[in-house]
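Here is the file start11.pdb (PDB, C-alpha atoms, pLDDT in the B column).
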ATOM      1  CA  MET A  30      36.310 -74.025  12.168  1.00 42.00           C
ATOM      2  CA  SER A  31      32.792 -72.808  12.913  1.00 44.00           C
ATOM      3  CA  GLU A  32      33.910 -69.178  12.902  1.00 43.00           C
ATOM      4  CA  GLU A  33      35.556 -69.674   9.560  1.00 44.00           C
ATOM      5  CA  MET A  34      32.321 -71.204   8.231  1.00 48.00           C
ATOM      6  CA  ASP A  35      30.161 -68.410   9.660  1.00 49.00           C
ATOM      7  CA  MET A  36      32.199 -65.841   7.806  1.00 43.00           C
ATOM      8  CA  ASP A  37      31.646 -67.180   4.295  1.00 47.00           C
ATOM      9  CA  GLU A  38      27.930 -67.835   4.699  1.00 55.00           C
ATOM     10  CA  GLY A  39      27.088 -64.871   2.391  1.00 62.00           C
ATOM     11  CA  GLY A  40      23.578 -65.391   1.001  1.00 81.00           C
ATOM     12  CA  THR A  41      23.742 -68.939  -0.403  1.00 87.00           C
ATOM     13  CA  VAL A  42      20.247 -70.373  -0.856  1.00 94.00           C
ATOM     14  CA  LYS A  43      20.052 -74.121  -1.266  1.00 97.00           C
ATOM     15  CA  LYS A  44      17.130 -76.431  -1.768  1.00 97.00           C
ATOM     16  CA  PHE A  45      16.725 -78.458   1.433  1.00 98.00           C
ATOM     17  CA  MET A  46      14.292 -81.358   1.559  1.00 98.00           C
ATOM     18  CA  PHE A  47      13.457 -83.123   4.812  1.00 98.00           C
ATOM     19  CA  VAL A  48      12.092 -86.582   4.132  1.00 98.00           C
ATOM     20  CA  ASN A  49       9.795 -88.030   6.783  1.00 98.00           C
ATOM     21  CA  ARG A  50       9.400 -91.783   6.533  1.00 97.00           C
ATOM     22  CA  LYS A  51       8.464 -92.941  10.012  1.00 97.00           C
ATOM     23  CA  ALA A  52       5.333 -92.959  12.156  1.00 97.00           C
ATOM     24  CA  PRO A  53       5.086 -90.030  14.610  1.00 97.00           C
ATOM     25  CA  TYR A  54       5.354 -92.208  17.737  1.00 97.00           C
ATOM     26  CA  GLY A  55       7.226 -95.434  18.381  1.00 95.00           C
ATOM     27  CA  THR A  56      10.553 -93.807  17.571  1.00 96.00           C
ATOM     28  CA  ILE A  57      11.856 -90.267  18.074  1.00 96.00           C
ATOM     29  CA  TYR A  58      12.782 -89.645  14.429  1.00 97.00           C
ATOM     30  CA  ALA A  59       9.658 -87.652  13.523  1.00 97.00           C
ATOM     31  CA  LEU A  60       9.870 -85.388  16.578  1.00 97.00           C
ATOM     32  CA  GLU A  61      13.597 -84.695  16.306  1.00 97.00           C
ATOM     33  CA  GLY A  62      13.239 -84.327  12.550  1.00 97.00           C
ATOM     34  CA  LEU A  63      10.721 -81.576  13.094  1.00 97.00           C
ATOM     35  CA  GLU A  64      13.205 -79.799  15.359  1.00 96.00           C
ATOM     36  CA  VAL A  65      15.684 -79.647  12.458  1.00 97.00           C
ATOM     37  CA  VAL A  66      12.968 -78.316  10.145  1.00 97.00           C
ATOM     38  CA  LEU A  67      12.137 -75.495  12.571  1.00 96.00           C
ATOM     39  CA  ILE A  68      15.808 -74.510  12.938  1.00 96.00           C
ATOM     40  CA  SER A  69      16.280 -74.541   9.161  1.00 95.00           C
ATOM     41  CA  ALA A  70      13.649 -71.793   8.876  1.00 92.00           C
ATOM     42  CA  ALA A  71      16.130 -69.378  10.473  1.00 94.00           C
ATOM     43  CA  PHE A  72      18.608 -69.845   7.603  1.00 95.00           C
ATOM     44  CA  ASP A  73      16.478 -68.450   4.738  1.00 94.00           C
ATOM     45  CA  GLN A  74      16.831 -71.574   2.632  1.00 96.00           C
ATOM     46  CA  ASP A  75      14.399 -73.108   0.127  1.00 97.00           C
ATOM     47  CA  VAL A  76      12.909 -75.723   2.466  1.00 97.00           C
ATOM     48  CA  SER A  77      10.441 -78.468   1.627  1.00 98.00           C
ATOM     49  CA  LEU A  78       9.133 -81.523   3.441  1.00 98.00           C
ATOM     50  CA  ALA A  79       8.308 -84.900   1.940  1.00 98.00           C
ATOM     51  CA  PHE A  80       6.126 -87.493   3.650  1.00 98.00           C
ATOM     52  CA  LEU A  81       6.213 -91.085   2.531  1.00 98.00           C
ATOM     53  CA  ASP A  82       5.938 -94.618   3.882  1.00 98.00           C
ATOM     54  CA  ASP A  83       4.709 -94.498   7.519  1.00 98.00           C
ATOM     55  CA  GLY A  84       5.748 -90.836   7.563  1.00 98.00           C
ATOM     56  CA  VAL A  85       2.309 -89.957   6.165  1.00 98.00           C
ATOM     57  CA  TYR A  86       0.887 -90.832   9.603  1.00 98.00           C
ATOM     58  CA  GLU A  87       2.694 -87.772  11.008  1.00 98.00           C
ATOM     59  CA  LEU A  88       0.093 -85.577   9.282  1.00 98.00           C
ATOM     60  CA  VAL A  89      -3.057 -87.491  10.163  1.00 98.00           C
ATOM     61  CA  LYS A  90      -5.791 -85.490  11.932  1.00 97.00           C
ATOM     62  CA  GLY A  91      -7.075 -86.314  15.382  1.00 96.00           C
ATOM     63  CA  GLN A  92      -3.949 -87.810  16.941  1.00 97.00           C
ATOM     64  CA  ASN A  93      -4.424 -88.743  20.588  1.00 97.00           C
ATOM     65  CA  THR A  94      -1.321 -89.780  22.512  1.00 96.00           C
ATOM     66  CA  LYS A  95      -2.777 -89.913  26.032  1.00 96.00           C
ATOM     67  CA  ALA A  96      -2.638 -93.680  26.357  1.00 95.00           C
ATOM     68  CA  VAL A  97       1.045 -93.873  25.414  1.00 94.00           C
ATOM     69  CA  GLU A  98       1.950 -90.889  27.622  1.00 95.00           C
ATOM     70  CA  MET A  99       3.821 -89.047  24.908  1.00 95.00           C
ATOM     71  CA  LYS A 100       3.614 -85.445  23.805  1.00 95.00           C
ATOM     72  CA  ASN A 101       1.260 -84.933  20.870  1.00 97.00           C
ATOM     73  CA  PHE A 102       3.321 -82.671  18.614  1.00 97.00           C
ATOM     74  CA  SER A 103       1.087 -82.861  15.535  1.00 97.00           C
ATOM     75  CA  SER A 104      -0.053 -79.233  15.939  1.00 96.00           C
ATOM     76  CA  THR A 105       3.519 -78.167  15.108  1.00 97.00           C
ATOM     77  CA  TYR A 106       2.931 -79.140  11.467  1.00 97.00           C
ATOM     78  CA  ARG A 107       0.169 -76.535  11.361  1.00 96.00           C
ATOM     79  CA  ALA A 108       2.591 -73.925  12.677  1.00 96.00           C
ATOM     80  CA  LEU A 109       5.100 -74.475   9.844  1.00 96.00           C
ATOM     81  CA  GLU A 110       3.280 -71.950   7.678  1.00 95.00           C
ATOM     82  CA  GLY A 111       4.223 -69.268  10.215  1.00 95.00           C
ATOM     83  CA  TYR A 112       7.880 -70.153   9.579  1.00 95.00           C
ATOM     84  CA  ASP A 113       7.366 -69.733   5.822  1.00 95.00           C
ATOM     85  CA  ILE A 114       7.651 -73.487   5.317  1.00 96.00           C
ATOM     86  CA  GLU A 115       4.805 -74.164   2.932  1.00 96.00           C
ATOM     87  CA  LYS A 116       6.069 -76.847   0.574  1.00 97.00           C
ATOM     88  CA  LEU A 117       4.706 -80.083   1.968  1.00 98.00           C
ATOM     89  CA  TYR A 118       4.667 -83.035  -0.420  1.00 98.00           C
ATOM     90  CA  VAL A 119       2.928 -86.319   0.326  1.00 98.00           C
ATOM     91  CA  GLU A 120       3.385 -89.456  -1.722  1.00 98.00           C
ATOM     92  CA  ARG A 121       0.103 -90.736  -3.142  1.00 98.00           C
ATOM     93  CA  GLU A 122       1.084 -94.420  -3.068  1.00 98.00           C
ATOM     94  CA  SER A 123       1.969 -94.251   0.642  1.00 98.00           C
ATOM     95  CA  LEU A 124      -1.406 -92.667   1.471  1.00 98.00           C
ATOM     96  CA  GLU A 125      -3.347 -95.193  -0.595  1.00 98.00           C
ATOM     97  CA  ALA A 126      -1.498 -98.181   0.826  1.00 98.00           C
ATOM     98  CA  ARG A 127      -2.644 -97.049   4.277  1.00 98.00           C
ATOM     99  CA  GLY A 128      -6.265 -96.316   3.332  1.00 98.00           C
ATOM    100  CA  LEU A 129      -5.733 -92.568   3.757  1.00 98.00           C
ATOM    101  CA  SER A 130      -6.655 -89.613   1.575  1.00 97.00           C
ATOM    102  CA  GLU A 131      -5.900 -85.894   1.547  1.00 97.00           C
ATOM    103  CA  GLY A 132      -8.991 -85.234   3.674  1.00 97.00           C
ATOM    104  CA  ASP A 133      -7.452 -87.186   6.569  1.00 98.00           C
ATOM    105  CA  LEU A 134      -4.517 -84.777   6.831  1.00 98.00           C
ATOM    106  CA  LEU A 135      -4.270 -81.820   9.205  1.00 97.00           C
ATOM    107  CA  VAL A 136      -2.474 -79.416   6.830  1.00 97.00           C
ATOM    108  CA  ASP A 137      -2.689 -78.437   3.177  1.00 96.00           C
ATOM    109  CA  VAL A 138      -0.279 -80.541   1.133  1.00 97.00           C
ATOM    110  CA  GLN A 139       0.567 -81.298  -2.440  1.00 98.00           C
ATOM    111  CA  ILE A 140       0.051 -84.941  -3.373  1.00 98.00           C
ATOM    112  CA  LEU A 141       2.714 -86.404  -5.676  1.00 98.00           C
ATOM    113  CA  SER A 142       3.162 -89.795  -7.269  1.00 98.00           C
ATOM    114  CA  ALA A 143       6.266 -91.774  -6.323  1.00 98.00           C
ATOM    115  CA  ALA A 144       7.796 -90.872  -9.687  1.00 98.00           C
ATOM    116  CA  GLU A 145       7.086 -87.158  -9.188  1.00 98.00           C
ATOM    117  CA  MET A 146       8.502 -87.365  -5.675  1.00 98.00           C
ATOM    118  CA  GLY A 147      11.639 -88.907  -7.120  1.00 97.00           C
ATOM    119  CA  GLU A 148      12.025 -86.007  -9.533  1.00 98.00           C
ATOM    120  CA  MET A 149      11.485 -83.553  -6.697  1.00 97.00           C
ATOM    121  CA  MET A 150      14.223 -85.245  -4.658  1.00 97.00           C
ATOM    122  CA  ALA A 151      16.617 -85.264  -7.581  1.00 97.00           C
ATOM    123  CA  ALA A 152      16.231 -81.476  -7.853  1.00 97.00           C
ATOM    124  CA  GLN A 153      17.399 -80.855  -4.252  1.00 98.00           C
ATOM    125  CA  ASP A 154      20.812 -79.734  -3.012  1.00 97.00           C
ATOM    126  CA  VAL A 155      20.452 -81.293   0.432  1.00 97.00           C
ATOM    127  CA  VAL A 156      18.196 -84.217   1.374  1.00 97.00           C
ATOM    128  CA  ILE A 157      17.952 -85.282   4.999  1.00 96.00           C
ATOM    129  CA  SER A 158      15.845 -88.321   5.776  1.00 94.00           C
ATOM    130  CA  PHE A 159      14.264 -89.052   9.152  1.00 92.00           C
TER     131      PHE A 159
ATOM    132  CA  MET B   3      35.170 -81.789  -2.552  1.00 97.00           C
ATOM    133  CA  LYS B   4      33.770 -80.526   0.754  1.00 98.00           C
ATOM    134  CA  PHE B   5      31.823 -83.216   2.596  1.00 98.00           C
ATOM    135  CA  ALA B   6      29.666 -82.777   5.675  1.00 98.00           C
ATOM    136  CA  ILE B   7      28.595 -85.930   7.477  1.00 98.00           C
ATOM    137  CA  MET B   8      25.521 -86.595   9.612  1.00 98.00           C
ATOM    138  CA  ILE B   9      25.354 -89.628  11.918  1.00 98.00           C
ATOM    139  CA  ASN B  10      21.959 -90.630  13.269  1.00 98.00           C
ATOM    140  CA  GLU B  11      22.548 -93.909  15.094  1.00 98.00           C
ATOM    141  CA  GLY B  12      24.492 -94.909  18.204  1.00 97.00           C
ATOM    142  CA  PRO B  13      27.654 -97.029  18.386  1.00 98.00           C
ATOM    143  CA  TYR B  14      27.803-100.837  18.194  1.00 97.00           C
ATOM    144  CA  THR B  15      24.021-101.387  17.895  1.00 96.00           C
ATOM    145  CA  HIS B  16      24.100 -99.967  14.403  1.00 97.00           C
ATOM    146  CA  GLN B  17      26.739 -99.797  11.682  1.00 97.00           C
ATOM    147  CA  ALA B  18      25.978 -96.179  10.714  1.00 98.00           C
ATOM    148  CA  THR B  19      28.850 -94.629  12.649  1.00 98.00           C
ATOM    149  CA  ASP B  20      31.316 -97.279  11.405  1.00 98.00           C
ATOM    150  CA  SER B  21      30.322 -96.590   7.806  1.00 98.00           C
ATOM    151  CA  ALA B  22      30.573 -92.850   8.402  1.00 98.00           C
ATOM    152  CA  TYR B  23      34.019 -93.237   9.953  1.00 98.00           C
ATOM    153  CA  LEU B  24      35.296 -95.352   7.063  1.00 98.00           C
ATOM    154  CA  PHE B  25      33.786 -92.880   4.597  1.00 98.00           C
ATOM    155  CA  ALA B  26      35.421 -89.916   6.346  1.00 98.00           C
ATOM    156  CA  ARG B  27      38.786 -91.659   6.489  1.00 98.00           C
ATOM    157  CA  ALA B  28      38.621 -92.605   2.814  1.00 98.00           C
ATOM    158  CA  ALA B  29      37.534 -89.104   1.773  1.00 98.00           C
ATOM    159  CA  LEU B  30      40.402 -87.526   3.718  1.00 98.00           C
ATOM    160  CA  ALA B  31      42.881 -90.019   2.246  1.00 98.00           C
ATOM    161  CA  LYS B  32      41.758 -88.964  -1.236  1.00 98.00           C
ATOM    162  CA  GLY B  33      42.432 -85.323  -0.387  1.00 98.00           C
ATOM    163  CA  HIS B  34      38.818 -84.237   0.167  1.00 98.00           C
ATOM    164  CA  GLU B  35      37.759 -81.975   2.995  1.00 98.00           C
ATOM    165  CA  VAL B  36      35.414 -83.060   5.785  1.00 98.00           C
ATOM    166  CA  THR B  37      33.889 -79.787   6.927  1.00 98.00           C
ATOM    167  CA  ARG B  38      31.901 -81.133   9.858  1.00 98.00           C
ATOM    168  CA  VAL B  39      30.590 -84.355  11.385  1.00 98.00           C
ATOM    169  CA  PHE B  40      27.213 -83.825  13.043  1.00 98.00           C
ATOM    170  CA  PHE B  41      25.826 -86.332  15.550  1.00 98.00           C
ATOM    171  CA  TYR B  42      22.043 -86.469  15.929  1.00 98.00           C
ATOM    172  CA  HIS B  43      19.330 -88.758  17.347  1.00 98.00           C
ATOM    173  CA  ASP B  44      21.059 -91.707  19.111  1.00 98.00           C
ATOM    174  CA  GLY B  45      24.191 -90.723  17.180  1.00 98.00           C
ATOM    175  CA  VAL B  46      25.075 -88.469  20.126  1.00 98.00           C
ATOM    176  CA  ASN B  47      26.033 -91.642  22.025  1.00 98.00           C
ATOM    177  CA  ASN B  48      29.123 -91.876  19.827  1.00 98.00           C
ATOM    178  CA  ALA B  49      30.564 -89.027  21.883  1.00 98.00           C
ATOM    179  CA  THR B  50      30.771 -90.484  25.386  1.00 98.00           C
ATOM    180  CA  ARG B  51      34.278 -91.064  26.669  1.00 97.00           C
ATOM    181  CA  LEU B  52      32.916 -93.624  29.182  1.00 97.00           C
ATOM    182  CA  THR B  53      32.631 -96.212  26.417  1.00 97.00           C
ATOM    183  CA  VAL B  54      34.659 -99.361  27.173  1.00 97.00           C
ATOM    184  CA  PRO B  55      34.313-101.976  24.428  1.00 97.00           C
ATOM    185  CA  PRO B  56      36.052-105.378  24.666  1.00 97.00           C
ATOM    186  CA  ALA B  57      39.786-105.085  23.939  1.00 95.00           C
ATOM    187  CA  ASP B  58      39.578-107.098  20.696  1.00 97.00           C
ATOM    188  CA  ASP B  59      36.917-104.818  19.203  1.00 97.00           C
ATOM    189  CA  ARG B  60      37.236-101.426  17.524  1.00 98.00           C
ATOM    190  CA  HIS B  61      36.887 -98.446  19.861  1.00 98.00           C
ATOM    191  CA  ILE B  62      34.359 -96.345  17.985  1.00 98.00           C
ATOM    192  CA  VAL B  63      34.551 -93.263  20.213  1.00 98.00           C
ATOM    193  CA  ASN B  64      38.335 -93.156  20.463  1.00 98.00           C
ATOM    194  CA  ARG B  65      38.862 -93.572  16.768  1.00 98.00           C
ATOM    195  CA  TRP B  66      36.616 -90.586  16.067  1.00 98.00           C
ATOM    196  CA  SER B  67      38.647 -88.577  18.602  1.00 98.00           C
ATOM    197  CA  GLU B  68      41.884 -89.704  16.953  1.00 98.00           C
ATOM    198  CA  LEU B  69      40.673 -88.907  13.444  1.00 98.00           C
ATOM    199  CA  ALA B  70      39.540 -85.482  14.661  1.00 98.00           C
ATOM    200  CA  LYS B  71      42.942 -84.805  16.162  1.00 98.00           C
ATOM    201  CA  ALA B  72      44.848 -85.947  13.077  1.00 98.00           C
ATOM    202  CA  HIS B  73      42.757 -83.908  10.624  1.00 98.00           C
ATOM    203  CA  ASP B  74      41.426 -81.075  12.792  1.00 97.00           C
ATOM    204  CA  LEU B  75      37.852 -82.312  12.265  1.00 98.00           C
ATOM    205  CA  ASP B  76      34.848 -80.510  13.715  1.00 98.00           C
ATOM    206  CA  LEU B  77      32.806 -83.160  15.567  1.00 98.00           C
ATOM    207  CA  VAL B  78      29.537 -81.571  16.691  1.00 98.00           C
ATOM    208  CA  VAL B  79      27.008 -83.184  19.003  1.00 98.00           C
ATOM    209  CA  CYS B  80      23.467 -81.774  18.908  1.00 98.00           C
ATOM    210  CA  ILE B  81      22.703 -80.210  22.284  1.00 96.00           C
ATOM    211  CA  ALA B  82      18.973 -80.997  22.310  1.00 96.00           C
ATOM    212  CA  ALA B  83      19.536 -84.644  21.382  1.00 98.00           C
ATOM    213  CA  ALA B  84      22.440 -84.846  23.873  1.00 97.00           C
ATOM    214  CA  GLN B  85      20.421 -83.436  26.760  1.00 96.00           C
ATOM    215  CA  ARG B  86      17.708 -86.048  26.238  1.00 97.00           C
ATOM    216  CA  ARG B  87      20.269 -88.847  26.301  1.00 97.00           C
ATOM    217  CA  GLY B  88      22.581 -87.778  29.127  1.00 97.00           C
ATOM    218  CA  LEU B  89      25.567 -86.516  27.127  1.00 97.00           C
ATOM    219  CA  MET B  90      27.183 -83.400  28.537  1.00 96.00           C
ATOM    220  CA  ASP B  91      30.359 -81.398  28.649  1.00 96.00           C
ATOM    221  CA  GLU B  92      31.763 -79.630  31.682  1.00 95.00           C
ATOM    222  CA  ASN B  93      29.907 -76.355  31.124  1.00 94.00           C
ATOM    223  CA  GLU B  94      26.589 -78.044  30.509  1.00 94.00           C
ATOM    224  CA  ALA B  95      27.015 -80.248  33.612  1.00 96.00           C
ATOM    225  CA  LYS B  96      27.619 -77.128  35.691  1.00 96.00           C
ATOM    226  CA  ARG B  97      24.647 -75.354  34.143  1.00 95.00           C
ATOM    227  CA  GLN B  98      22.321 -78.305  34.779  1.00 95.00           C
ATOM    228  CA  GLY B  99      23.676 -79.000  38.269  1.00 96.00           C
ATOM    229  CA  LYS B 100      24.933 -82.474  37.314  1.00 96.00           C
ATOM    230  CA  ASP B 101      27.836 -84.182  39.083  1.00 96.00           C
ATOM    231  CA  ALA B 102      29.597 -85.524  35.985  1.00 96.00           C
ATOM    232  CA  ASN B 103      30.318 -84.952  32.328  1.00 97.00           C
ATOM    233  CA  ASN B 104      31.191 -87.448  29.638  1.00 97.00           C
ATOM    234  CA  ILE B 105      32.112 -85.801  26.332  1.00 98.00           C
ATOM    235  CA  ALA B 106      35.126 -87.397  24.642  1.00 98.00           C
ATOM    236  CA  PRO B 107      38.083 -85.317  23.394  1.00 98.00           C
ATOM    237  CA  GLY B 108      37.579 -83.728  19.981  1.00 98.00           C
ATOM    238  CA  PHE B 109      33.783 -83.484  20.268  1.00 98.00           C
ATOM    239  CA  ARG B 110      31.880 -80.316  21.041  1.00 98.00           C
ATOM    240  CA  ILE B 111      28.228 -79.702  21.886  1.00 97.00           C
ATOM    241  CA  SER B 112      26.313 -77.180  19.830  1.00 97.00           C
ATOM    242  CA  GLY B 113      22.968 -76.501  18.183  1.00 97.00           C
ATOM    243  CA  LEU B 114      21.110 -77.833  15.164  1.00 97.00           C
ATOM    244  CA  GLY B 115      22.014 -74.690  13.252  1.00 97.00           C
ATOM    245  CA  GLN B 116      25.449 -76.262  12.836  1.00 98.00           C
ATOM    246  CA  LEU B 117      23.857 -79.039  10.751  1.00 98.00           C
ATOM    247  CA  VAL B 118      21.968 -76.665   8.470  1.00 97.00           C
ATOM    248  CA  GLU B 119      25.061 -74.475   8.124  1.00 97.00           C
ATOM    249  CA  ALA B 120      27.151 -77.517   7.167  1.00 98.00           C
ATOM    250  CA  GLY B 121      24.551 -78.388   4.513  1.00 97.00           C
ATOM    251  CA  ILE B 122      24.749 -74.890   3.070  1.00 97.00           C
ATOM    252  CA  GLN B 123      28.527 -74.657   3.044  1.00 96.00           C
ATOM    253  CA  SER B 124      29.511 -78.132   1.861  1.00 98.00           C
ATOM    254  CA  ASP B 125      29.277 -79.678  -1.594  1.00 97.00           C
ATOM    255  CA  ARG B 126      27.610 -82.790  -0.192  1.00 97.00           C
ATOM    256  CA  LEU B 127      25.907 -83.672   3.078  1.00 97.00           C
ATOM    257  CA  VAL B 128      26.117 -87.430   3.527  1.00 98.00           C
ATOM    258  CA  VAL B 129      23.658 -88.940   6.018  1.00 97.00           C
ATOM    259  CA  PHE B 130      24.380 -92.211   7.831  1.00 97.00           C
ATOM    260  CA  GLY B 131      21.469 -93.760   9.689  1.00 94.00           C
ATOM    261  CA  ASP B 132      18.591 -96.129   9.647  1.00 80.00           C
TER     262      ASP B 132
END

Please re-express this file's structure in C-alpha cells.
Amino acid sequence: MSEEMDMDEGGTVKKFMFVNRKAPYGTIYALEGLEVVLISAAFDQDVSLAFLDDGVYELVKGQNTKAVEMKNFSSTYRALEGYDIEKLYVERESLEARGLSEGDLLVDVQILSAAEMGEMMAAQDVVISF
Amino acid sequence: MKFAIMINEGPYTHQATDSAYLFARAALAKGHEVTRVFFYHDGVNNATRLTVPPADDRHIVNRWSELAKAHDLDLVVCIAAAQRRGLMDENEAKRQGKDANNIAPGFRISGLGQLVEAGIQSDRLVVFGD
C-alpha cells in the first residue's frame, strides 16, 4: 500500500497545523510532537504550529531541566526557522492566564485571540494535536 | 471517502484505540477506505503480540490484526516511538542485538513520514488520543 501511495504523491500541498497543548515536560507529547513537525518539513507542505493551554510553556525562555534529569529540547523551536517553519501562533488567553507575555518566549511568534485561533484552525486541511 | 487514522494512546488504559477501531470498522462497513492507521506515542503499545487480556475482555491487539487481514489495512507503528517503548520486529531486534521481538501480525514498523504522507493523501486524518 505504501508504494501505491508514494506513486500518487505528485505535488499536493496541504495546510498542516500542529497544535501543542501540553507542558514541555511531565509527558512526552511535546517532544514527540516536535519530531513530527521536523519530519513534516521534508514534505514541502504549508506547516504551522499553534500553542495553547499549557503548550505555551513549551516556548518559554530559560528552561532548565537539570533537576528532573530530562533533555532540554527548547532550543529546537529556535531551529524551526531553518526548516522553513515560520508560522508559529500563540493564543493570547493562554499566555495571559499563565502570567506570560510575548517577551517571555524564545522565538518570534504571532499572538492570536482564541477566536482568531479558531478561524486559523478551521482553515486547515490537517490538524494534529499533541 | 479516504480516511487515515492516528492513535496516540496505549491499549486498555485509554479508550482511544477502541474508539479508533470502532470508527475504522464503521467506516469500512459504509464503503469508505481506510488508507492507513498510524500508531504514535504510547499508541505503539497496541502492536505487541505478547498482550494477554482476560478471556472475557476484548483483545485489542488481535482485533486490529484481524481487521487488517480482512480489509488489507496498513497498520504502521512509528519506529522512534516504538524504540523508546520496547516494540520491535525481527529485523529491528537483529539490528539492535536484542533477543526477542514482539510485533503482532498485520503491523509494520516505519517512520513518521508515513503519518505526514497519510495526511497528504487522505481526505481526512482522524486523531484518537488524549

### Task
Step by step, work through what the PyMOL selection byres ((chain A and resi 99) around 12) selects in the shown file, and finish by giving those residues as JSON, numbers by chain.
{"A": [53, 54, 55, 56, 57, 60, 92, 93, 94, 95, 96, 97, 98, 100, 101, 102, 103]}

Which residues of chain A have any atom within 7 Å of an atom in chain B when counting all atoms listed in the file, and what is the closest pair of atoms for each, with the distance in Å to one decimal? Order the rows by chain and rising number and write it as a Markdown table.
| residue | atom | partner | partner_atom | distance |
| --- | --- | --- | --- | --- |
| A:Met30 | CA | B:Asp76 | CA | 6.8 |
| A:Thr41 | CA | B:Ile122 | CA | 7.0 |
| A:Lys43 | CA | B:Ile122 | CA | 6.4 |
| A:Val65 | CA | B:Leu114 | CA | 6.3 |
| A:Ile68 | CA | B:Gly115 | CA | 6.2 |
| A:Ser69 | CA | B:Val118 | CA | 6.1 |
| A:Val155 | CA | B:Gly121 | CA | 6.5 |
| A:Ile157 | CA | B:Val129 | CA | 6.9 |

Can you write just those residues out, C-alpha atoms, as a PDB file, in the frame of the given file?
ATOM      1  CA  MET A  30      36.310 -74.025  12.168  1.00 42.00           C
ATOM      2  CA  THR A  41      23.742 -68.939  -0.403  1.00 87.00           C
ATOM      3  CA  LYS A  43      20.052 -74.121  -1.266  1.00 97.00           C
ATOM      4  CA  VAL A  65      15.684 -79.647  12.458  1.00 97.00           C
ATOM      5  CA  ILE A  68      15.808 -74.510  12.938  1.00 96.00           C
ATOM      6  CA  SER A  69      16.280 -74.541   9.161  1.00 95.00           C
ATOM      7  CA  VAL A 155      20.452 -81.293   0.432  1.00 97.00           C
ATOM      8  CA  ILE A 157      17.952 -85.282   4.999  1.00 96.00           C
TER       9      ILE A 157
END

### Task
Name the residues that the PyMOL selection byres ((chain B and resi 14) around 12) picks from the file above, as a PyMOL selection string, using the file's chain letters and numbers.
chain B and resi 11-13+15-21+44-45+47-48+53-56+59-63

### Task
Run the PyMOL selection byres ((chain A and resi 119) around 12) on the file and write out the hits as JSON, numbers by chain.
{"A": [47, 48, 49, 50, 77, 78, 79, 80, 81, 82, 83, 84, 85, 86, 87, 88, 89, 116, 117, 118, 120, 121, 122, 123, 124, 125, 129, 130, 131, 134, 136, 137, 138, 139, 140, 141, 142, 143, 145, 146, 147, 149]}

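Going from CA of Lys44 (chain A) over to CA of Phe40 (chain B), you cover 19.4 Å.
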
If the box runs along x, y and z of the file and leaves 6 Å on each side of region 59-74 of chain B, what are its centre and edge lengths in Å, one decimal, as lines of an AutoDock Vina configuration file?
center_x = 39.6
center_y = -92.9
center_z = 15.5
size_x = 22.5
size_y = 35.7
size_z = 21.8

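Proximity of B:Trp66, B:Phe109, B:Phe41, B:Phe25 to Cys80 (chain B), computed with only C-alpha atoms, is greatest for B:Phe41.
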
#### Entry: Two-atom distance - CA of Glu115 (chain A), CA of Leu67 (chain A) (Å)
12.2 Å

### Message
So that I can see what lies close to region 88-96 of chain B, please list as a ChimeraX atom specification the residues with an atom at most 6 Å from it, counting only C-alpha atoms and leaving out residues fewer than 6 positions away in the same chain.
### Response
/B:103-105

#### Entry: Atom pair CA of Phe5 (chain B) / CA of Val36 (chain B): separation (Å)
4.8 Å

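Restricting the calculation to all atoms listed in the file, the smallest distance between Leu30 (chain B) and any of B:Leu52, B:Ile9, B:Ala57, B:Ala72 is found for B:Ala72.
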
With N, CA and C atoms as the goal, would you fill in the gaps in region 96-107 of chain B and present it as a short mmCIF file (atom, residue, chain, number, x, y, z; two decimals), in the coordinates of the input?
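Everything below was put into out23.cif:
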data_model
loop_
_atom_site.label_atom_id
_atom_site.label_comp_id
_atom_site.auth_asym_id
_atom_site.auth_seq_id
_atom_site.Cartn_x
_atom_site.Cartn_y
_atom_site.Cartn_z
N LYS B 96 27.68 -78.18 34.68
CA LYS B 96 27.62 -77.13 35.69
C LYS B 96 26.27 -76.41 35.61
N ARG B 97 25.89 -76.10 34.37
CA ARG B 97 24.65 -75.35 34.14
C ARG B 97 23.42 -76.15 34.62
N GLN B 98 23.47 -77.46 34.43
CA GLN B 98 22.32 -78.31 34.78
C GLN B 98 22.42 -78.86 36.19
N GLY B 99 23.50 -78.51 36.91
CA GLY B 99 23.68 -79.00 38.27
C GLY B 99 23.93 -80.50 38.33
N LYS B 100 24.62 -81.04 37.33
CA LYS B 100 24.93 -82.47 37.31
C LYS B 100 26.33 -82.71 37.87
N ASP B 101 26.57 -83.92 38.39
CA ASP B 101 27.84 -84.18 39.08
C ASP B 101 28.89 -84.81 38.17
N ALA B 102 28.62 -84.90 36.88
CA ALA B 102 29.60 -85.52 35.98
C ALA B 102 29.42 -85.02 34.56
N ASN B 103 30.43 -85.23 33.76
CA ASN B 103 30.32 -84.95 32.33
C ASN B 103 31.00 -86.10 31.60
N ASN B 104 30.72 -86.24 30.32
CA ASN B 104 31.19 -87.45 29.64
C ASN B 104 31.59 -87.26 28.18
N ILE B 105 31.78 -86.01 27.75
CA ILE B 105 32.11 -85.80 26.33
C ILE B 105 33.57 -86.18 26.06
N ALA B 106 33.78 -86.93 25.00
CA ALA B 106 35.13 -87.40 24.64
C ALA B 106 35.91 -86.26 23.98
N PRO B 107 37.25 -86.35 24.01
CA PRO B 107 38.08 -85.32 23.39
C PRO B 107 37.78 -85.18 21.90
#
